[in-house]
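Enquirer: Quick one: this structure, given as C-alpha cells, is what I'll be asking you about.
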There are 2 protein chains.
Amino acid sequence: MTTPLGRERKHLQRALTATDASLHTRILSDIKRHILSGHWPPGHRIPFEHELATVYECSRMTVNKALSELARAGLIERRRKAGSFVCRPRSQAAVLEISDLKTEVEDLGRVYRFTRLALRRHTATEADRRRLGLSKAVPILAVTCLHLGSETPYCFEDRVINLAAVPAADDEAFLWIAPGPWLIAHVPWTEAEHRITATTPDLASAQHLAIMPSTPCLVVDRLTWRERQPVTHVRFTYPGSARELIARFEPSSG
Amino acid sequence: MTTPLGRERKHLQRALTATDASLHTRILSDIKRHILSGHWPPGHRIPFEHELATVYECSRMTVNKALSELARAGLIERRRKAGSFVCRPRSQAAVLEISDLKTEVEDLGRVYRFTRLALRRHTATEADRRRLGLSKAVPILAVTCLHLGSETPYCFEDRVINLAAVPAADDEAFLWIAPGPWLIAHVPWTEAEHRITATTPDLASAQHLAIMPSTPCLVVDRLTWRERQPVTHVRFTYPGSARELIARFEPSSG
DNA sequence: TTGCGGATTATGTATAGACGTAATAAATGT
DNA sequence: ACATTTATTACGTCTATACATAATCCGCAA
C-alpha cells in the first residue's frame, strides 16, 4: 500500500538504493537509460510525475528535480496537462573544446614554446574595426605570436585587442605569457564566436609557419565580447597537417 | 523585520518583481549579471543561501534552485561549509551547431538538392572496420552522396553504415531522403565524435565537387555510436571557400 | 608549535502541502 | 454540427521543515 509514512519510508528507500548517489540522480539516470537505449523512442510519453513518485516511493518534488534536469538537457519536453515526452535528437550539435594552445601541444607529447613577434599600439584602422565589429576608432593593441611544438611551428596567432575594453593590456609585453591566457585571467567572462575555415595561408602566416603558400590550413577566427563590447579578435592559422579539431557530443552532460 | 509571513510575503514579492518570470529565475539572472559584468570576479564568494533567502524574502530552497543551476552551468563552484564561489572561465569551449545540410544550404539562400551516387552493401573491409572502430566483419552499407546548393556542388558525403546496428537501413535506397536525416529519424539517441581538418580533397571528392585537387577543403569526420555500438561513419568534404563552421560560446545557456 | 578531536556551519537531499497556470477534455448551448 | 464554457489534470513554483554530510574553525593537549 501507499500510506504516507514520510521519513520512515525515506530510510527504507536509502537502504534499497544503496550504491547509487541521491534518489533524484537515480531517477534521472533510469529515465535516461530508457531513452538512450531506444526503449522509449522520440515522442513517447514518459510516466507522469505522480506515477514516478509512486513507483520510487518519494515525493513529487524529487521526481520533478530529475525531470527538470532532463528537460534542460534537451532529452525530454514537458507540456502542461499533457505530460513529458521524449524529444527527437537535436540537429547534430557538438561541444568543441578549444583549450589553450599550451595544453593542446603538450597533449601531442611535444614541448610547448611561444615567441611574441610584433606588438603595436595604434588607433583602429578600417580593417581593425571590421575585425572587431566596431564603428569607433578606439585604441587597439595588435599582437602576432608563433606557437611551437618541440621547436616546430605549430600555429600562427594574429590578434587585435580592444584597449577600450581591456586597458590593462597596454602594460603587458606578452613576452612571458601569451595573449590568450593573459586575457582569460584578466577578462572575467566572455561570449565568443568561432569561425572555422580551410584556406591557403596568407603570406605572413606561411612565412612564419615555414610552409608552402599552397598548403591547406585550418583557420580559426575567434571574436570575443564582454557584455556586448568587443574585446579581442584572433586568427589562428594551423598547417592542415598539424591540427585536428575534435568535438564530442553527448545527449547530456552526465 | 524578517518575521516569517509565508504566503503573504510571497505576494508582496510577486508585486515587486512583476515583469520577470519566476523568483528563482530572477535570482539566477541577478547573480549571473554580477558575474558577467566582472563585479564579482573569479574566486569571489557569493552570498550564502540563507543570506540571499533573506534578501529576496524567500525560502532557502528557492535560492538553492538558482545556485544549483549556476553550478551546473559551470559559473560557480559550491563547497560545503565554505560557500559558493565564482569560477574562473573554462578553457575556451564552443558549441558547434552542425545542423543538417538542407538547413545549412537554405540558410545561405540557395536551393537544396542532393543526389545519391553509389550504394553498396557488403561485409566490412579492413578499411571500413578502421573507420567504424570495429573488430568484427559485420555487414555494412556504403553510400556516397553529393549535396548541391542551387545546382552548385556544395558538399561530398562518403558514409558507411553498420547494418548490425541499424538493420532497417538495408531497405532504404536513399534516393528521396538523405542518409543523415534518415538516420536521425531512425536511431533514437546517439553520441558522436567530430574531427575537423583542412586537407586537399581525395580524387573522388575533387571530381564530384568539380574542383581542382589542390583546392583546400574542410573535412568533417563524424563517428556516431549508440550505446557504445558504432552506428555510422561519415566524411563530409567541403570546398574551403563554400563553407564556414560557426560556433558560439556563452557561459551558460540562458 | 604542531597535531588531533569536536563544535559549527553551509550546502545537499528530501518531504508534504499549497496554490498558480496552461492546456486538454467534457459538457453545454446555439 | 459547431462553438463556447467549464472542469479536470499535470506541470511550475514556492514554503517550512528536517536531517545528512563534509569542510572549516577552534580549542586543547602533546
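Labeling convention for the C-alpha cells: chains A, B, ... as they appear, residues from 1 per chain, ligands from 1 in order of appearance.
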Taking only C-alpha atoms (C1' of nucleotides) into account and nothing else, which residues of chain C lie no more than 6 Å away from chain B? Please answer as a list in words.
Expert: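 Selected residues: DT9, DA10 and DT11 of chain C.
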Enquirer: Any chance you could export the current selection's C-alpha atoms (C1' of nucleotides) as an mmCIF file, in the first residue's frame?
Expert:
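Output (again-v1.cif):
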```cif
data_model
loop_
_atom_site.group_PDB
_atom_site.id
_atom_site.type_symbol
_atom_site.label_atom_id
_atom_site.label_comp_id
_atom_site.auth_asym_id
_atom_site.auth_seq_id
_atom_site.Cartn_x
_atom_site.Cartn_y
_atom_site.Cartn_z
ATOM 1 C "C1'" DT C 9 28.062 25.792 9.646
ATOM 2 C "C1'" DA C 10 26.813 25.871 4.589
ATOM 3 C "C1'" DT C 11 25.427 23.035 1.361
#
```
Enquirer: Any chance you could list, as an MDAnalysis selection string, the residues in region 37-219 of chain A that come up alpha helix (DSSP H) when DSSP is run on the backbone?
Expert: chainID A and resid 49:55 60:72 101:107 126:132 179:186 203:209
Enquirer: Please produce a file of the residues just selected, as a short mmCIF file (atom, residue, chain, number, x, y, z; two decimals), in the first residue's frame, where the atoms kept are N, CA and C atoms.
Expert:
```
data_model
loop_
_atom_site.label_atom_id
_atom_site.label_comp_id
_atom_site.auth_asym_id
_atom_site.auth_seq_id
_atom_site.Cartn_x
_atom_site.Cartn_y
_atom_site.Cartn_z
N GLU A 49 4.65 12.67 -13.31
CA GLU A 49 5.39 12.89 -12.07
C GLU A 49 4.80 12.08 -10.92
N HIS A 50 3.49 12.12 -10.79
CA HIS A 50 2.89 11.44 -9.63
C HIS A 50 3.03 9.92 -9.75
N GLU A 51 3.07 9.43 -11.00
CA GLU A 51 3.26 7.99 -11.18
C GLU A 51 4.67 7.58 -10.75
N LEU A 52 5.64 8.35 -11.22
CA LEU A 52 7.02 8.05 -10.85
C LEU A 52 7.21 8.19 -9.34
N ALA A 53 6.54 9.18 -8.77
CA ALA A 53 6.64 9.38 -7.32
C ALA A 53 6.14 8.14 -6.59
N THR A 54 5.08 7.54 -7.12
CA THR A 54 4.56 6.31 -6.52
C THR A 54 5.54 5.16 -6.69
N VAL A 55 6.06 5.01 -7.91
CA VAL A 55 7.00 3.92 -8.20
C VAL A 55 8.22 4.00 -7.29
N ARG A 60 6.72 14.20 -5.03
CA ARG A 60 6.69 14.67 -6.41
C ARG A 60 7.87 15.62 -6.68
N MET A 61 8.26 16.40 -5.69
CA MET A 61 9.37 17.34 -5.84
C MET A 61 10.66 16.65 -6.26
N THR A 62 10.88 15.47 -5.72
CA THR A 62 12.10 14.73 -6.04
C THR A 62 12.09 14.30 -7.50
N VAL A 63 10.94 13.79 -7.94
CA VAL A 63 10.80 13.43 -9.35
C VAL A 63 10.95 14.67 -10.21
N ASN A 64 10.32 15.75 -9.77
CA ASN A 64 10.36 16.99 -10.52
C ASN A 64 11.79 17.44 -10.77
N LYS A 65 12.64 17.30 -9.77
CA LYS A 65 14.04 17.72 -9.92
C LYS A 65 14.71 16.94 -11.05
N ALA A 66 14.48 15.63 -11.06
CA ALA A 66 15.07 14.80 -12.11
C ALA A 66 14.53 15.18 -13.49
N LEU A 67 13.23 15.33 -13.61
CA LEU A 67 12.63 15.63 -14.91
C LEU A 67 13.02 17.02 -15.39
N SER A 68 13.13 17.96 -14.48
CA SER A 68 13.53 19.31 -14.87
C SER A 68 14.92 19.30 -15.48
N GLU A 69 15.80 18.53 -14.88
CA GLU A 69 17.17 18.44 -15.42
C GLU A 69 17.17 17.82 -16.81
N LEU A 70 16.39 16.76 -16.97
CA LEU A 70 16.30 16.12 -18.28
C LEU A 70 15.76 17.09 -19.32
N ALA A 71 14.84 17.93 -18.91
CA ALA A 71 14.26 18.89 -19.83
C ALA A 71 15.33 19.92 -20.22
N ARG A 72 16.10 20.38 -19.24
CA ARG A 72 17.14 21.37 -19.54
C ARG A 72 18.23 20.78 -20.42
N LEU A 101 46.53 26.70 -26.23
CA LEU A 101 47.50 26.07 -27.12
C LEU A 101 48.55 25.26 -26.38
N LYS A 102 48.91 25.72 -25.20
CA LYS A 102 49.92 25.01 -24.42
C LYS A 102 49.46 23.58 -24.16
N THR A 103 48.26 23.45 -23.61
CA THR A 103 47.70 22.13 -23.33
C THR A 103 47.61 21.30 -24.60
N GLU A 104 47.17 21.96 -25.66
CA GLU A 104 46.97 21.31 -26.94
C GLU A 104 48.27 20.68 -27.44
N VAL A 105 49.32 21.46 -27.39
CA VAL A 105 50.63 21.00 -27.87
C VAL A 105 51.16 19.89 -26.96
N GLU A 106 51.01 20.09 -25.67
CA GLU A 106 51.55 19.11 -24.73
C GLU A 106 50.78 17.80 -24.79
N ASP A 107 49.51 17.88 -25.16
CA ASP A 107 48.73 16.65 -25.33
C ASP A 107 49.27 15.82 -26.50
N GLU A 126 40.46 50.90 -40.45
CA GLU A 126 39.21 50.38 -41.01
C GLU A 126 39.18 48.85 -40.90
N ALA A 127 40.30 48.21 -41.22
CA ALA A 127 40.39 46.75 -41.18
C ALA A 127 40.20 46.24 -39.75
N ASP A 128 40.84 46.90 -38.81
CA ASP A 128 40.72 46.50 -37.40
C ASP A 128 39.27 46.62 -36.93
N ARG A 129 38.65 47.74 -37.34
CA ARG A 129 37.26 47.95 -36.92
C ARG A 129 36.37 46.85 -37.47
N ARG A 130 36.65 46.42 -38.69
CA ARG A 130 35.84 45.37 -39.27
C ARG A 130 36.07 44.06 -38.52
N ARG A 131 37.31 43.80 -38.16
CA ARG A 131 37.60 42.57 -37.42
C ARG A 131 36.86 42.52 -36.10
N LEU A 132 36.81 43.66 -35.42
CA LEU A 132 36.21 43.69 -34.09
C LEU A 132 34.72 44.02 -34.13
N PRO A 179 49.03 36.06 -25.17
CA PRO A 179 47.84 36.92 -25.05
C PRO A 179 46.60 36.16 -24.62
N GLY A 180 46.43 34.94 -25.13
CA GLY A 180 45.24 34.16 -24.79
C GLY A 180 45.09 33.93 -23.30
N PRO A 181 46.04 33.24 -22.69
CA PRO A 181 45.97 33.02 -21.25
C PRO A 181 45.87 34.32 -20.44
N TRP A 182 46.59 35.35 -20.90
CA TRP A 182 46.53 36.61 -20.17
C TRP A 182 45.11 37.16 -20.15
N LEU A 183 44.46 37.12 -21.30
CA LEU A 183 43.10 37.65 -21.40
C LEU A 183 42.13 36.83 -20.55
N ILE A 184 42.29 35.51 -20.60
CA ILE A 184 41.41 34.67 -19.79
C ILE A 184 41.52 35.01 -18.32
N ALA A 185 42.74 35.31 -17.90
CA ALA A 185 42.96 35.64 -16.49
C ALA A 185 42.43 37.04 -16.15
N HIS A 186 42.37 37.93 -17.13
CA HIS A 186 42.04 39.32 -16.81
C HIS A 186 40.64 39.75 -17.23
N LEU A 203 50.47 35.44 -46.69
CA LEU A 203 51.93 35.42 -46.79
C LEU A 203 52.63 35.38 -45.43
N ALA A 204 52.19 36.23 -44.52
CA ALA A 204 52.84 36.30 -43.21
C ALA A 204 52.77 34.95 -42.50
N SER A 205 51.57 34.34 -42.52
CA SER A 205 51.39 33.06 -41.86
C SER A 205 52.30 32.00 -42.47
N ALA A 206 52.29 31.91 -43.79
CA ALA A 206 53.08 30.90 -44.48
C ALA A 206 54.56 31.05 -44.13
N GLN A 207 54.99 32.29 -44.10
CA GLN A 207 56.41 32.56 -43.81
C GLN A 207 56.78 32.11 -42.40
N HIS A 208 55.96 32.52 -41.43
CA HIS A 208 56.27 32.19 -40.04
C HIS A 208 56.11 30.70 -39.75
N LEU A 209 55.17 30.07 -40.42
CA LEU A 209 54.96 28.64 -40.19
C LEU A 209 55.93 27.80 -41.02
#
```
Enquirer: What's the 6 Å shell around region 226-242 of chain A, counting only C-alpha atoms (C1' of nucleotides), without same-chain residues fewer than 6 positions away, as a VMD selection string?
Expert: (chain A and resid 132 155 to 162 165 190 216 to 220) or (chain B and resid 198 to 199)
Enquirer: Those residues you just picked out, can you put them in a file as a short mmCIF file (atom, residue, chain, number, x, y, z; two decimals), in the first residue's frame with N, CA and C atoms?
Expert:
```
data_model
loop_
_atom_site.label_atom_id
_atom_site.label_comp_id
_atom_site.auth_asym_id
_atom_site.auth_seq_id
_atom_site.Cartn_x
_atom_site.Cartn_y
_atom_site.Cartn_z
N LEU A 132 36.81 43.66 -35.42
CA LEU A 132 36.21 43.69 -34.09
C LEU A 132 34.72 44.02 -34.13
N CYS A 155 51.43 26.91 -34.86
CA CYS A 155 50.29 27.77 -35.06
C CYS A 155 50.72 29.23 -35.07
N PHE A 156 50.15 29.97 -35.98
CA PHE A 156 50.43 31.40 -36.07
C PHE A 156 49.22 32.17 -35.54
N GLU A 157 49.49 33.10 -34.63
CA GLU A 157 48.41 33.84 -33.99
C GLU A 157 48.47 35.31 -34.39
N ASP A 158 47.38 35.82 -34.87
CA ASP A 158 47.30 37.22 -35.28
C ASP A 158 46.11 37.85 -34.54
N ARG A 159 46.42 38.76 -33.62
CA ARG A 159 45.38 39.23 -32.71
C ARG A 159 45.31 40.74 -32.61
N VAL A 160 44.08 41.25 -32.43
CA VAL A 160 43.91 42.65 -32.04
C VAL A 160 43.10 42.69 -30.75
N ILE A 161 43.51 43.55 -29.85
CA ILE A 161 42.83 43.70 -28.57
C ILE A 161 42.26 45.11 -28.47
N ASN A 162 41.01 45.20 -28.09
CA ASN A 162 40.34 46.49 -27.91
C ASN A 162 40.76 47.08 -26.57
N ALA A 165 38.27 48.22 -24.01
CA ALA A 165 37.62 47.20 -23.19
C ALA A 165 38.58 46.62 -22.15
N THR A 190 33.15 35.82 -20.82
CA THR A 190 33.01 36.30 -22.18
C THR A 190 32.07 35.45 -23.00
N PRO A 216 47.18 23.58 -47.45
CA PRO A 216 45.88 23.87 -46.85
C PRO A 216 46.03 24.13 -45.36
N CYS A 217 45.36 25.12 -44.88
CA CYS A 217 45.45 25.47 -43.46
C CYS A 217 44.07 25.55 -42.85
N LEU A 218 44.04 25.17 -41.58
CA LEU A 218 42.82 25.32 -40.80
C LEU A 218 42.90 26.69 -40.13
N VAL A 219 41.91 27.52 -40.39
CA VAL A 219 41.91 28.87 -39.83
C VAL A 219 40.76 29.01 -38.85
N VAL A 220 41.09 29.33 -37.61
CA VAL A 220 40.06 29.54 -36.60
C VAL A 220 40.03 31.03 -36.26
N ALA B 198 41.79 20.33 -42.29
CA ALA B 198 41.92 21.00 -43.59
C ALA B 198 42.90 20.20 -44.42
N THR B 199 42.45 19.75 -45.58
CA THR B 199 43.35 18.99 -46.45
C THR B 199 42.98 19.26 -47.91
#
```
Enquirer: What are the residues of chain D that have an atom within 7 Å of an atom of chain A, counting only C-alpha atoms (C1' of nucleotides), as a short mmCIF file (atom, residue, chain, number, x, y, z; two decimals) with C-alpha atoms (C1' of nucleotides), in the first residue's frame?
Expert:
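In the end it all went to result_7.cif:
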```cif
data_model
loop_
_atom_site.label_atom_id
_atom_site.label_comp_id
_atom_site.auth_asym_id
_atom_site.auth_seq_id
_atom_site.Cartn_x
_atom_site.Cartn_y
_atom_site.Cartn_z
"C1'" DT D 9 -5.40 17.49 -14.92
"C1'" DA D 10 -0.26 17.74 -14.89
"C1'" DC D 11 3.23 20.64 -14.71
#
```
Enquirer: May I have a table of the residues of chain B lying at most 8 Å from chain A, giving each one's closest pair of atoms and their distance in Å to one decimal, counting only C-alpha atoms, ordered by chain and ascending residue number, as JSON lines?
Expert:
```
{"residue": "B:Ile35", "atom": "CA", "partner": "A:Trp189", "partner_atom": "CA", "distance": 7.4}
{"residue": "B:Leu36", "atom": "CA", "partner": "A:Trp189", "partner_atom": "CA", "distance": 5.3}
{"residue": "B:Ser37", "atom": "CA", "partner": "A:Glu227", "partner_atom": "CA", "distance": 6.7}
{"residue": "B:Gly38", "atom": "CA", "partner": "A:Pro188", "partner_atom": "CA", "distance": 5.5}
{"residue": "B:Pro41", "atom": "CA", "partner": "A:Pro188", "partner_atom": "CA", "distance": 6.2}
{"residue": "B:Pro42", "atom": "CA", "partner": "A:Pro188", "partner_atom": "CA", "distance": 6.7}
{"residue": "B:Arg88", "atom": "CA", "partner": "A:Pro188", "partner_atom": "CA", "distance": 7.1}
{"residue": "B:Pro89", "atom": "CA", "partner": "A:Trp189", "partner_atom": "CA", "distance": 6.1}
{"residue": "B:Ser91", "atom": "CA", "partner": "A:Ser99", "partner_atom": "CA", "distance": 4.9}
{"residue": "B:Gln92", "atom": "CA", "partner": "A:Ile98", "partner_atom": "CA", "distance": 5.1}
{"residue": "B:Ala93", "atom": "CA", "partner": "A:Glu97", "partner_atom": "CA", "distance": 4.4}
{"residue": "B:Ala94", "atom": "CA", "partner": "A:Leu96", "partner_atom": "CA", "distance": 4.9}
{"residue": "B:Val95", "atom": "CA", "partner": "A:Val95", "partner_atom": "CA", "distance": 4.4}
{"residue": "B:Leu96", "atom": "CA", "partner": "A:Ala94", "partner_atom": "CA", "distance": 4.9}
{"residue": "B:Glu97", "atom": "CA", "partner": "A:Ala93", "partner_atom": "CA", "distance": 4.5}
{"residue": "B:Ile98", "atom": "CA", "partner": "A:Gln92", "partner_atom": "CA", "distance": 5.0}
{"residue": "B:Ser99", "atom": "CA", "partner": "A:Ser91", "partner_atom": "CA", "distance": 4.8}
{"residue": "B:Asp100", "atom": "CA", "partner": "A:Ser91", "partner_atom": "CA", "distance": 6.3}
{"residue": "B:Ile184", "atom": "CA", "partner": "A:Pro89", "partner_atom": "CA", "distance": 6.9}
{"residue": "B:Ala185", "atom": "CA", "partner": "A:Arg88", "partner_atom": "CA", "distance": 7.7}
{"residue": "B:Val187", "atom": "CA", "partner": "A:Gly38", "partner_atom": "CA", "distance": 7.8}
{"residue": "B:Pro188", "atom": "CA", "partner": "A:Gly38", "partner_atom": "CA", "distance": 5.6}
{"residue": "B:Trp189", "atom": "CA", "partner": "A:Leu36", "partner_atom": "CA", "distance": 5.4}
{"residue": "B:Thr190", "atom": "CA", "partner": "A:Glu250", "partner_atom": "CA", "distance": 7.0}
{"residue": "B:Glu191", "atom": "CA", "partner": "A:Glu250", "partner_atom": "CA", "distance": 4.7}
{"residue": "B:Ala192", "atom": "CA", "partner": "A:Phe249", "partner_atom": "CA", "distance": 5.1}
{"residue": "B:Glu193", "atom": "CA", "partner": "A:Arg248", "partner_atom": "CA", "distance": 4.5}
{"residue": "B:His194", "atom": "CA", "partner": "A:Ala247", "partner_atom": "CA", "distance": 4.9}
{"residue": "B:Arg195", "atom": "CA", "partner": "A:Ile246", "partner_atom": "CA", "distance": 4.6}
{"residue": "B:Ile196", "atom": "CA", "partner": "A:Leu245", "partner_atom": "CA", "distance": 4.9}
{"residue": "B:Thr197", "atom": "CA", "partner": "A:Glu244", "partner_atom": "CA", "distance": 5.2}
{"residue": "B:Ala198", "atom": "CA", "partner": "A:Gly240", "partner_atom": "CA", "distance": 4.7}
{"residue": "B:Thr199", "atom": "CA", "partner": "A:Pro216", "partner_atom": "CA", "distance": 5.5}
{"residue": "B:Thr200", "atom": "CA", "partner": "A:Pro216", "partner_atom": "CA", "distance": 6.7}
{"residue": "B:Ser214", "atom": "CA", "partner": "A:Ser214", "partner_atom": "CA", "distance": 7.9}
{"residue": "B:Thr215", "atom": "CA", "partner": "A:Pro216", "partner_atom": "CA", "distance": 7.8}
{"residue": "B:Pro216", "atom": "CA", "partner": "A:Pro216", "partner_atom": "CA", "distance": 4.9}
{"residue": "B:Cys217", "atom": "CA", "partner": "A:Ala198", "partner_atom": "CA", "distance": 5.7}
{"residue": "B:Leu218", "atom": "CA", "partner": "A:Ala198", "partner_atom": "CA", "distance": 5.2}
{"residue": "B:Arg226", "atom": "CA", "partner": "A:Leu36", "partner_atom": "CA", "distance": 7.6}
{"residue": "B:Glu227", "atom": "CA", "partner": "A:Ser37", "partner_atom": "CA", "distance": 6.7}
{"residue": "B:Gly240", "atom": "CA", "partner": "A:Ala198", "partner_atom": "CA", "distance": 4.6}
{"residue": "B:Ser241", "atom": "CA", "partner": "A:Thr199", "partner_atom": "CA", "distance": 7.3}
{"residue": "B:Arg243", "atom": "CA", "partner": "A:Thr197", "partner_atom": "CA", "distance": 6.8}
{"residue": "B:Glu244", "atom": "CA", "partner": "A:Thr197", "partner_atom": "CA", "distance": 5.2}
{"residue": "B:Leu245", "atom": "CA", "partner": "A:Ile196", "partner_atom": "CA", "distance": 4.9}
{"residue": "B:Ile246", "atom": "CA", "partner": "A:Arg195", "partner_atom": "CA", "distance": 4.6}
{"residue": "B:Ala247", "atom": "CA", "partner": "A:His194", "partner_atom": "CA", "distance": 4.9}
{"residue": "B:Arg248", "atom": "CA", "partner": "A:Glu193", "partner_atom": "CA", "distance": 4.5}
{"residue": "B:Phe249", "atom": "CA", "partner": "A:Ala192", "partner_atom": "CA", "distance": 5.1}
{"residue": "B:Glu250", "atom": "CA", "partner": "A:Glu191", "partner_atom": "CA", "distance": 4.7}
{"residue": "B:Pro251", "atom": "CA", "partner": "A:Glu191", "partner_atom": "CA", "distance": 6.9}
```
Enquirer: DA26 (chain C): which residues within 10 Å, counting only C-alpha atoms (C1' of nucleotides), same-chain residues fewer than 3 positions away excluded, as a list in words?
Expert: DT6, DA7 and DT8 of chain D
Enquirer: Could you find all residues in region 66-222 of chain A that DSSP calls strand (DSSP E or B) from the backbone, and write them as a PyMOL selection string?
Expert: chain A and resi 76-79+83-86+93-97+112-123+139-149+152-162+191-199+217-222
Enquirer: Those same residues, written as a PDB file, in the first residue's frame with C-alpha atoms?
Expert:
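Writing the result to result-v3.pdb gives the following:
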```
ATOM      1  CA  ILE A  76      12.577  15.457 -22.846  1.00  0.00           C
ATOM      2  CA  GLU A  77       9.990  18.113 -23.482  1.00  0.00           C
ATOM      3  CA  ARG A  78       7.438  18.960 -20.843  1.00  0.00           C
ATOM      4  CA  ARG A  79       3.928  20.109 -21.583  1.00  0.00           C
ATOM      5  CA  GLY A  83       2.858  15.158 -19.727  1.00  0.00           C
ATOM      6  CA  SER A  84       6.553  14.752 -20.548  1.00  0.00           C
ATOM      7  CA  PHE A  85       7.692  13.470 -23.912  1.00  0.00           C
ATOM      8  CA  VAL A  86      10.977  12.168 -25.291  1.00  0.00           C
ATOM      9  CA  ALA A  93      25.463  19.663 -32.197  1.00  0.00           C
ATOM     10  CA  ALA A  94      28.895  19.273 -30.755  1.00  0.00           C
ATOM     11  CA  VAL A  95      30.848  20.761 -27.932  1.00  0.00           C
ATOM     12  CA  LEU A  96      34.117  21.855 -29.349  1.00  0.00           C
ATOM     13  CA  GLU A  97      36.699  22.009 -26.617  1.00  0.00           C
ATOM     14  CA  TYR A 112      55.482  23.962 -25.858  1.00  0.00           C
ATOM     15  CA  ARG A 113      57.076  27.306 -26.515  1.00  0.00           C
ATOM     16  CA  PHE A 114      55.816  30.551 -27.958  1.00  0.00           C
ATOM     17  CA  THR A 115      57.514  33.657 -29.242  1.00  0.00           C
ATOM     18  CA  ARG A 116      55.938  37.035 -29.482  1.00  0.00           C
ATOM     19  CA  LEU A 117      56.652  38.548 -32.873  1.00  0.00           C
ATOM     20  CA  ALA A 118      55.173  42.004 -33.393  1.00  0.00           C
ATOM     21  CA  LEU A 119      53.455  44.226 -30.853  1.00  0.00           C
ATOM     22  CA  ARG A 120      51.966  47.515 -31.954  1.00  0.00           C
ATOM     23  CA  ARG A 121      49.663  50.023 -30.303  1.00  0.00           C
ATOM     24  CA  HIS A 122      47.626  52.305 -32.533  1.00  0.00           C
ATOM     25  CA  THR A 123      44.125  53.543 -33.222  1.00  0.00           C
ATOM     26  CA  PRO A 139      42.900  52.456 -29.386  1.00  0.00           C
ATOM     27  CA  ILE A 140      43.917  48.886 -30.063  1.00  0.00           C
ATOM     28  CA  LEU A 141      46.845  46.585 -29.482  1.00  0.00           C
ATOM     29  CA  ALA A 142      47.950  44.360 -32.350  1.00  0.00           C
ATOM     30  CA  VAL A 143      49.973  41.266 -31.465  1.00  0.00           C
ATOM     31  CA  THR A 144      51.337  38.412 -33.510  1.00  0.00           C
ATOM     32  CA  CYS A 145      52.752  35.242 -31.991  1.00  0.00           C
ATOM     33  CA  LEU A 146      54.157  31.957 -33.135  1.00  0.00           C
ATOM     34  CA  HIS A 147      53.394  28.851 -31.125  1.00  0.00           C
ATOM     35  CA  LEU A 148      55.790  25.940 -31.436  1.00  0.00           C
ATOM     36  CA  GLY A 149      55.682  22.264 -30.571  1.00  0.00           C
ATOM     37  CA  THR A 152      58.422  23.139 -34.924  1.00  0.00           C
ATOM     38  CA  PRO A 153      55.992  25.908 -35.906  1.00  0.00           C
ATOM     39  CA  TYR A 154      52.554  24.771 -34.835  1.00  0.00           C
ATOM     40  CA  CYS A 155      50.286  27.766 -35.057  1.00  0.00           C
ATOM     41  CA  PHE A 156      50.434  31.402 -36.069  1.00  0.00           C
ATOM     42  CA  GLU A 157      48.407  33.844 -33.990  1.00  0.00           C
ATOM     43  CA  ASP A 158      47.298  37.224 -35.279  1.00  0.00           C
ATOM     44  CA  ARG A 159      45.375  39.230 -32.710  1.00  0.00           C
ATOM     45  CA  VAL A 160      43.909  42.651 -32.039  1.00  0.00           C
ATOM     46  CA  ILE A 161      42.827  43.700 -28.568  1.00  0.00           C
ATOM     47  CA  ASN A 162      40.344  46.489 -27.910  1.00  0.00           C
ATOM     48  CA  GLU A 191      30.900  35.280 -25.082  1.00  0.00           C
ATOM     49  CA  ALA A 192      32.699  34.157 -28.183  1.00  0.00           C
ATOM     50  CA  GLU A 193      32.048  33.272 -31.780  1.00  0.00           C
ATOM     51  CA  HIS A 194      34.261  30.902 -33.701  1.00  0.00           C
ATOM     52  CA  ARG A 195      34.566  30.643 -37.455  1.00  0.00           C
ATOM     53  CA  ILE A 196      36.410  27.676 -38.828  1.00  0.00           C
ATOM     54  CA  THR A 197      37.518  27.612 -42.451  1.00  0.00           C
ATOM     55  CA  ALA A 198      40.014  25.892 -44.708  1.00  0.00           C
ATOM     56  CA  THR A 199      42.125  28.156 -46.882  1.00  0.00           C
ATOM     57  CA  CYS A 217      45.454  25.466 -43.462  1.00  0.00           C
ATOM     58  CA  LEU A 218      42.817  25.323 -40.804  1.00  0.00           C
ATOM     59  CA  VAL A 219      41.914  28.868 -39.825  1.00  0.00           C
ATOM     60  CA  VAL A 220      40.064  29.540 -36.600  1.00  0.00           C
ATOM     61  CA  ASP A 221      38.703  33.061 -36.155  1.00  0.00           C
ATOM     62  CA  ARG A 222      37.525  33.935 -32.705  1.00  0.00           C
TER      63      ARG A 222
END
```
Enquirer: Expressed in Å to a single decimal, how great is the separation between CA of Ser150 (chain A) and CA of Arg110 (chain A)?
Expert: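 CA of Arg110 (chain A) lies 5.2 Å from CA of Ser150 (chain A).
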Enquirer: Calculate how many Å separate CA of Ser29 (chain B) from C1' of DT15 (chain D), rounding to one decimal.
Expert: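 CA of Ser29 (chain B) sits 21.8 Å away from C1' of DT15 (chain D).
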Enquirer: Measure the distance from CA of Ala21 (chain A) to CA of Glu57 (chain A) in Å and round it to one decimal.
Expert: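 Taking CA of Ala21 (chain A) as the start and CA of Glu57 (chain A) as the end point, the length is 16.3 Å.
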Enquirer: Which residues, written as a PyMOL selection string, have at least one atom at most 12 Å from DA29 (chain D), with only C-alpha atoms (C1' of nucleotides) counted and residues fewer than 5 positions away on the same chain left out?
Expert: chain C and resi 1-5
